[in-house]
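Take a look at the structure below.
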Amino acid sequence: MWLSSMRLRGFGTALILVALLASTSGCMGLIAARETVESLREEPYESLKNQKIEVSHEFVQLLPLNEFTNISTFVVDDQTAEIRIYFRARISFSDTIPADNTTRYVRATLTDSAGNVQWEQDVSETATPLEQQLLPNPEFELGEWDLEVRARGIGETTVGFISDDFDIIVTVTNTCIQYPLVDDCF
């Protein structure tokens, strides 16, 4: 009796040992190892991801006055938290020679997906750097937004004395989930 009790106890121990060894090898072992590693990983957290749309141009000829045009499109979704616009224009000698806004100018318009103008600039003289922030009120119009730029200016590259140029940078900030040890934010 005592011997048969020992056999059952030994058999039970062996059975448990075989089950443990089987669960830590092969595919079953990978699952257990992955779960262990996942339990050690830090929790994901909310972060911010910036997307920049930049339109810059320097005019390099005196005549003819050609118009520069550009339309850049970006998507605004329910993750968009803020849109910042940086604008700078330099029109040579605009502080001494009056401009008529038909020969030398920078015209920029930011339009939402519903066709509403959210931001615009129309300058024919040097504009010091301006930065404007757009916040959801209560939310942004979802969809594709357009940054349209039309500009005309003059410049020369021989001496570099005359040079009209501009920079427009639109920064779209989206919220996202950042997972530890992963570079991309989702």
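A note on labels: chains of the structure tokens are A, B, ... as shown, every chain counts residues from 1, and ligands are counted from 1 in their shown order.
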
Go through region 135-185 of chain A residue by residue and, counting only C-alpha atoms, keep those with an atom at most 10 Å from region 26-47 of chain A; for each kept residue give the shortest atom pair and its distance in Å to one decimal, ordered by chain and increasing number, as CSV.
```
residue,atom,partner,partner_atom,distance
A:Asn174,CA,A:Ser47,CA,8.5
A:Thr175,CA,A:Ser47,CA,5.8
A:Cys176,CA,A:Ser47,CA,5.3
A:Ile177,CA,A:Glu46,CA,4.6
A:Gln178,CA,A:Tyr45,CA,5.4
A:Tyr179,CA,A:Pro44,CA,4.5
A:Pro180,CA,A:Glu42,CA,6.3
A:Leu181,CA,A:Arg41,CA,8.7
A:Cys185,CA,A:Ser47,CA,7.5
```

Would you mind exporting C-alpha atoms of the selected residues as a CSV table (one decimal), in the first residue's frame?
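So selection_18.csv came out as:
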```csv
chain,number,residue,atom,x,y,z
A,174,ASN,CA,-1.6,65.2,-33.5
A,175,THR,CA,-2.1,63.2,-30.3
A,176,CYS,CA,-1.0,59.6,-30.4
A,177,ILE,CA,-0.2,56.6,-28.3
A,178,GLN,CA,3.5,56.0,-27.6
A,179,TYR,CA,4.6,52.5,-26.7
A,180,PRO,CA,7.9,52.0,-24.8
A,181,LEU,CA,10.8,50.7,-27.0
A,185,CYS,CA,3.8,56.9,-32.3
```

- Name the residues of region 87-135 of chain A that come out as strand (DSSP E or B) in a backbone DSSP run; write them as a ChimeraX atom specification. /A:87-90,105-111,117-123,127-134

- Any idea what's packed within 6 Å of region 154-156 of chain A, counting only C-alpha atoms, ignoring anything in its chain fewer than 6 positions away? Could you give it as a ChimeraX atom specification? /A:59-62,162-164

I need the chosen residues saved as a CSV table (one decimal), in the first residue's frame, with N, CA and C atoms.
```
chain,number,residue,atom,x,y,z
A,59,PHE,N,13.3,84.4,-55.0
A,59,PHE,CA,13.2,84.8,-56.4
A,59,PHE,C,14.6,85.1,-56.8
A,60,VAL,N,15.0,84.7,-58.0
A,60,VAL,CA,16.4,84.9,-58.5
A,60,VAL,C,16.5,85.6,-59.8
A,61,GLN,N,15.5,86.2,-60.4
A,61,GLN,CA,15.6,86.9,-61.6
A,61,GLN,C,14.8,88.2,-61.5
A,62,LEU,N,15.3,89.2,-62.2
A,62,LEU,CA,14.6,90.6,-62.2
A,62,LEU,C,13.4,90.6,-63.1
A,162,ILE,N,19.5,92.3,-54.4
A,162,ILE,CA,18.1,92.3,-54.4
A,162,ILE,C,17.6,90.8,-54.3
A,163,SER,N,16.8,90.5,-53.3
A,163,SER,CA,16.3,89.2,-53.1
A,163,SER,C,15.0,89.2,-52.4
A,164,ASP,N,13.9,88.9,-53.1
A,164,ASP,CA,12.6,88.7,-52.4
A,164,ASP,C,12.5,87.2,-52.1
```

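Computed from the coordinates, the CA of Asp112 (chain A) to CA of Val55 (chain A) distance equals 17.7 Å.
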
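For the residues A:Tyr105, A:Phe93, A:Phe11, A:Phe140, ranking by smallest atom-to-atom distance to Gln121 (chain A) using only C-alpha atoms places A:Tyr105 first.
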
- Task: Could you give me, as number ranges by chain, the residues within 12 Å of Glu148 (chain A), counting only C-alpha atoms and dropping anything in the same chain fewer than 3 positions from it?
- Result: A: 53-55, 68-74, 106-112, 117-122, 145, 151, 168, 170

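Here CA of Glu144 (chain A) is placed at a distance of 27.4 Å from CA of Glu58 (chain A).
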
- Task: List every residue of chain A that DSSP, applied to the backbone, labels as helix (DSSP H, G or I), and write the result as JSON, numbers by chain.
- Result: {"A": [2, 3, 4, 5, 6, 7, 8, 9, 10, 11, 12, 13, 14, 15, 16, 17, 18, 19, 20, 21, 22, 23, 26, 27, 28, 29, 30, 31, 32, 33, 34, 35, 36, 37, 38, 39, 40]}

Next, the residues of the selection above should be written as a compact mmCIF listing (two decimals), in the first residue's frame with N, CA, C and O atoms.
```txt
# COMPACT_ATOMS: atom_id res chain seq x y z
N TRP A 2 1.84 1.15 0.88
CA TRP A 2 2.74 2.28 0.95
C TRP A 2 3.49 2.44 -0.37
O TRP A 2 3.71 3.54 -0.83
N LEU A 3 3.85 1.36 -1.00
CA LEU A 3 4.56 1.38 -2.25
C LEU A 3 3.68 1.91 -3.36
O LEU A 3 4.14 2.69 -4.19
N SER A 4 2.45 1.56 -3.39
CA SER A 4 1.56 2.06 -4.43
C SER A 4 1.28 3.53 -4.23
O SER A 4 1.10 4.29 -5.18
N SER A 5 1.24 4.02 -2.99
CA SER A 5 1.06 5.45 -2.71
C SER A 5 2.26 6.22 -3.21
O SER A 5 2.14 7.32 -3.73
N MET A 6 3.46 5.66 -3.06
CA MET A 6 4.68 6.30 -3.54
C MET A 6 4.68 6.37 -5.05
O MET A 6 5.12 7.36 -5.63
N ARG A 7 4.19 5.30 -5.69
CA ARG A 7 4.15 5.27 -7.15
C ARG A 7 3.21 6.35 -7.68
O ARG A 7 3.53 7.02 -8.65
N LEU A 8 2.05 6.49 -7.02
CA LEU A 8 1.10 7.51 -7.47
C LEU A 8 1.67 8.91 -7.26
O LEU A 8 1.53 9.79 -8.11
N ARG A 9 2.31 9.11 -6.12
CA ARG A 9 2.90 10.41 -5.85
C ARG A 9 4.03 10.69 -6.84
O ARG A 9 4.16 11.78 -7.37
N GLY A 10 4.85 9.73 -7.13
CA GLY A 10 5.94 9.87 -8.10
C GLY A 10 5.40 10.08 -9.50
O GLY A 10 5.93 10.87 -10.28
N PHE A 11 4.33 9.36 -9.82
CA PHE A 11 3.71 9.51 -11.13
C PHE A 11 3.13 10.91 -11.28
O PHE A 11 3.28 11.55 -12.32
N GLY A 12 2.46 11.42 -10.22
CA GLY A 12 1.88 12.78 -10.25
C GLY A 12 2.97 13.83 -10.40
O GLY A 12 2.83 14.79 -11.17
N THR A 13 4.07 13.66 -9.69
CA THR A 13 5.18 14.61 -9.78
C THR A 13 5.78 14.57 -11.18
O THR A 13 6.09 15.60 -11.77
N ALA A 14 5.94 13.38 -11.71
CA ALA A 14 6.50 13.23 -13.06
C ALA A 14 5.57 13.87 -14.09
O ALA A 14 6.01 14.52 -15.04
N LEU A 15 4.28 13.67 -13.90
CA LEU A 15 3.30 14.25 -14.82
C LEU A 15 3.36 15.78 -14.80
O LEU A 15 3.36 16.43 -15.84
N ILE A 16 3.46 16.36 -13.61
CA ILE A 16 3.57 17.82 -13.48
C ILE A 16 4.88 18.30 -14.10
O ILE A 16 4.92 19.31 -14.81
N LEU A 17 5.96 17.59 -13.89
CA LEU A 17 7.26 17.95 -14.44
C LEU A 17 7.22 17.89 -15.97
O LEU A 17 7.73 18.79 -16.64
N VAL A 18 6.61 16.87 -16.54
CA VAL A 18 6.49 16.75 -17.99
C VAL A 18 5.65 17.90 -18.54
O VAL A 18 5.98 18.49 -19.57
N ALA A 19 4.57 18.23 -17.85
CA ALA A 19 3.71 19.34 -18.30
C ALA A 19 4.47 20.66 -18.26
O ALA A 19 4.36 21.48 -19.18
N LEU A 20 5.25 20.92 -17.22
CA LEU A 20 6.05 22.15 -17.13
C LEU A 20 7.10 22.21 -18.23
O LEU A 20 7.29 23.25 -18.86
N LEU A 21 7.78 21.10 -18.46
CA LEU A 21 8.80 21.08 -19.51
C LEU A 21 8.17 21.28 -20.88
O LEU A 21 8.73 21.99 -21.74
N ALA A 22 7.04 20.70 -21.12
CA ALA A 22 6.37 20.83 -22.41
C ALA A 22 5.88 22.27 -22.63
O ALA A 22 5.90 22.78 -23.74
N SER A 23 5.46 22.92 -21.55
CA SER A 23 4.94 24.28 -21.71
C SER A 23 6.03 25.32 -21.88
O SER A 23 5.77 26.43 -22.29
N GLY A 26 9.27 24.94 -27.32
CA GLY A 26 8.48 25.07 -28.54
C GLY A 26 7.56 26.28 -28.50
O GLY A 26 7.84 27.29 -27.86
N CYS A 27 6.47 26.16 -29.20
CA CYS A 27 5.52 27.28 -29.33
C CYS A 27 4.91 27.67 -27.98
O CYS A 27 4.75 28.86 -27.70
N MET A 28 4.61 26.70 -27.17
CA MET A 28 4.02 27.00 -25.87
C MET A 28 5.02 27.78 -25.00
O MET A 28 4.64 28.66 -24.24
N GLY A 29 6.28 27.48 -25.14
CA GLY A 29 7.31 28.20 -24.39
C GLY A 29 7.43 29.64 -24.85
O GLY A 29 7.67 30.55 -24.05
N LEU A 30 7.25 29.87 -26.15
CA LEU A 30 7.30 31.24 -26.67
C LEU A 30 6.16 32.09 -26.12
O LEU A 30 6.36 33.26 -25.82
N ILE A 31 5.02 31.49 -26.00
CA ILE A 31 3.87 32.23 -25.45
C ILE A 31 4.15 32.63 -24.01
O ILE A 31 3.94 33.78 -23.63
N ALA A 32 4.64 31.70 -23.23
CA ALA A 32 4.94 32.01 -21.83
C ALA A 32 6.03 33.07 -21.73
O ALA A 32 5.95 34.00 -20.92
N ALA A 33 7.06 32.96 -22.56
CA ALA A 33 8.15 33.94 -22.53
C ALA A 33 7.64 35.32 -22.96
O ALA A 33 8.00 36.34 -22.36
N ARG A 34 6.82 35.39 -24.00
CA ARG A 34 6.28 36.66 -24.45
C ARG A 34 5.42 37.32 -23.38
O ARG A 34 5.52 38.52 -23.13
N GLU A 35 4.61 36.53 -22.72
CA GLU A 35 3.76 37.08 -21.66
C GLU A 35 4.60 37.62 -20.51
O GLU A 35 4.28 38.64 -19.92
N THR A 36 5.70 36.95 -20.22
CA THR A 36 6.59 37.42 -19.16
C THR A 36 7.22 38.75 -19.55
O THR A 36 7.26 39.69 -18.76
N VAL A 37 7.71 38.84 -20.78
CA VAL A 37 8.32 40.09 -21.25
C VAL A 37 7.28 41.21 -21.30
O VAL A 37 7.56 42.35 -20.91
N GLU A 38 6.09 40.93 -21.78
CA GLU A 38 5.02 41.93 -21.84
C GLU A 38 4.68 42.45 -20.45
O GLU A 38 4.38 43.64 -20.28
N SER A 39 4.72 41.60 -19.45
CA SER A 39 4.39 42.06 -18.09
C SER A 39 5.47 43.00 -17.54
O SER A 39 5.19 43.80 -16.65
N LEU A 40 6.68 42.94 -18.09
CA LEU A 40 7.76 43.81 -17.65
C LEU A 40 7.76 45.16 -18.38
O LEU A 40 8.39 46.11 -17.93
```

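Checking A:Val123, A:Val172, A:Leu48, A:Val75 one by one against Arg150 (chain A), counting only C-alpha atoms, you find the shortest gap at A:Val123.
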
- Might you pull out every residue within 12 Å of Ala81 (chain A), with only C-alpha atoms counted and same-chain residues fewer than 2 positions away left off, and present them as an MDAnalysis selection string? chainID A and resid 47:51 76:79 83:84 133:142 171:176

Using only N, CA, C and O atoms, please write the residues we just selected to a file, as a compact mmCIF listing (two decimals), in the first residue's frame.
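What landed in out.txt:
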```txt
# COMPACT_ATOMS: atom_id res chain seq x y z
N SER A 47 1.16 60.84 -26.35
CA SER A 47 2.24 61.72 -26.76
C SER A 47 1.77 62.61 -27.90
O SER A 47 0.61 62.56 -28.28
N LEU A 48 2.67 63.42 -28.45
CA LEU A 48 2.36 64.33 -29.55
C LEU A 48 3.29 64.04 -30.72
O LEU A 48 4.47 63.76 -30.53
N LYS A 49 2.75 64.13 -31.93
CA LYS A 49 3.53 63.92 -33.14
C LYS A 49 3.29 65.12 -34.06
O LYS A 49 2.14 65.50 -34.30
N ASN A 50 4.37 65.74 -34.54
CA ASN A 50 4.27 66.91 -35.41
C ASN A 50 4.52 66.54 -36.86
O ASN A 50 5.43 65.78 -37.17
N GLN A 51 3.71 67.12 -37.73
CA GLN A 51 3.89 67.01 -39.17
C GLN A 51 4.09 68.42 -39.70
O GLN A 51 3.29 69.31 -39.41
N VAL A 76 -6.45 66.62 -41.57
CA VAL A 76 -6.80 66.93 -40.19
C VAL A 76 -7.83 65.88 -39.76
O VAL A 76 -8.83 65.69 -40.43
N ASP A 77 -7.54 65.19 -38.65
CA ASP A 77 -8.46 64.18 -38.15
C ASP A 77 -8.79 64.43 -36.69
O ASP A 77 -8.40 65.45 -36.14
N ASP A 78 -9.48 63.49 -36.08
CA ASP A 78 -9.90 63.68 -34.68
C ASP A 78 -8.73 63.63 -33.71
O ASP A 78 -8.88 63.96 -32.53
N GLN A 79 -7.53 63.27 -34.18
CA GLN A 79 -6.34 63.28 -33.34
C GLN A 79 -5.61 64.64 -33.36
O GLN A 79 -4.69 64.85 -32.58
N ILE A 83 -2.79 73.48 -34.77
CA ILE A 83 -2.12 73.82 -36.02
C ILE A 83 -1.43 75.15 -35.80
O ILE A 83 -2.06 76.12 -35.38
N ARG A 84 -0.11 75.19 -36.06
CA ARG A 84 0.65 76.44 -35.93
C ARG A 84 1.15 76.85 -37.31
O ARG A 84 1.61 76.01 -38.09
N GLN A 133 -1.50 80.39 -33.92
CA GLN A 133 -1.91 79.07 -33.44
C GLN A 133 -3.41 78.91 -33.67
O GLN A 133 -4.20 79.78 -33.31
N LEU A 134 -3.79 77.79 -34.27
CA LEU A 134 -5.20 77.44 -34.43
C LEU A 134 -5.50 76.28 -33.49
O LEU A 134 -4.79 75.28 -33.49
N LEU A 135 -6.55 76.42 -32.71
CA LEU A 135 -6.98 75.37 -31.79
C LEU A 135 -8.38 74.92 -32.16
O LEU A 135 -9.17 75.71 -32.72
N PRO A 136 -8.74 73.68 -31.86
CA PRO A 136 -10.10 73.21 -32.16
C PRO A 136 -11.12 74.00 -31.36
O PRO A 136 -10.92 74.27 -30.18
N ASN A 137 -12.20 74.40 -32.02
CA ASN A 137 -13.21 75.22 -31.35
C ASN A 137 -14.62 74.76 -31.76
O ASN A 137 -15.20 75.39 -32.64
N PRO A 138 -15.25 73.80 -31.25
CA PRO A 138 -14.77 72.81 -30.29
C PRO A 138 -13.91 71.74 -30.97
O PRO A 138 -13.20 71.00 -30.31
N GLU A 139 -13.98 71.64 -32.31
CA GLU A 139 -13.13 70.69 -33.01
C GLU A 139 -12.79 71.25 -34.38
O GLU A 139 -13.45 72.15 -34.88
N PHE A 140 -11.75 70.71 -34.99
CA PHE A 140 -11.37 71.10 -36.34
C PHE A 140 -12.31 70.45 -37.35
O PHE A 140 -12.85 69.38 -37.10
N GLU A 141 -12.45 71.10 -38.48
CA GLU A 141 -13.17 70.50 -39.61
C GLU A 141 -12.29 69.34 -40.10
O GLU A 141 -11.12 69.54 -40.44
N LEU A 142 -12.83 68.13 -40.09
CA LEU A 142 -12.06 66.94 -40.46
C LEU A 142 -11.94 66.82 -41.97
O LEU A 142 -12.85 67.17 -42.70
N THR A 171 2.66 73.60 -38.96
CA THR A 171 2.95 72.44 -38.11
C THR A 171 1.64 71.90 -37.57
O THR A 171 0.92 72.59 -36.86
N VAL A 172 1.31 70.67 -37.94
CA VAL A 172 0.09 70.01 -37.49
C VAL A 172 0.49 69.07 -36.36
O VAL A 172 1.31 68.17 -36.54
N THR A 173 -0.07 69.30 -35.16
CA THR A 173 0.25 68.49 -33.99
C THR A 173 -0.90 67.53 -33.72
O THR A 173 -2.04 67.97 -33.51
N ASN A 174 -0.59 66.24 -33.71
CA ASN A 174 -1.58 65.20 -33.45
C ASN A 174 -1.24 64.47 -32.16
O ASN A 174 -0.07 64.25 -31.86
N THR A 175 -2.27 64.08 -31.43
CA THR A 175 -2.06 63.22 -30.28
C THR A 175 -1.91 61.78 -30.78
O THR A 175 -2.46 61.43 -31.83
N CYS A 176 -1.16 60.98 -30.04
CA CYS A 176 -0.96 59.59 -30.44
C CYS A 176 -0.59 58.79 -29.20
O CYS A 176 -0.32 59.35 -28.15
```

- Take CA of Asp146 (chain A) and CA of Ile169 (chain A) and report the distance between them in Å, one decimal. 12.9 Å
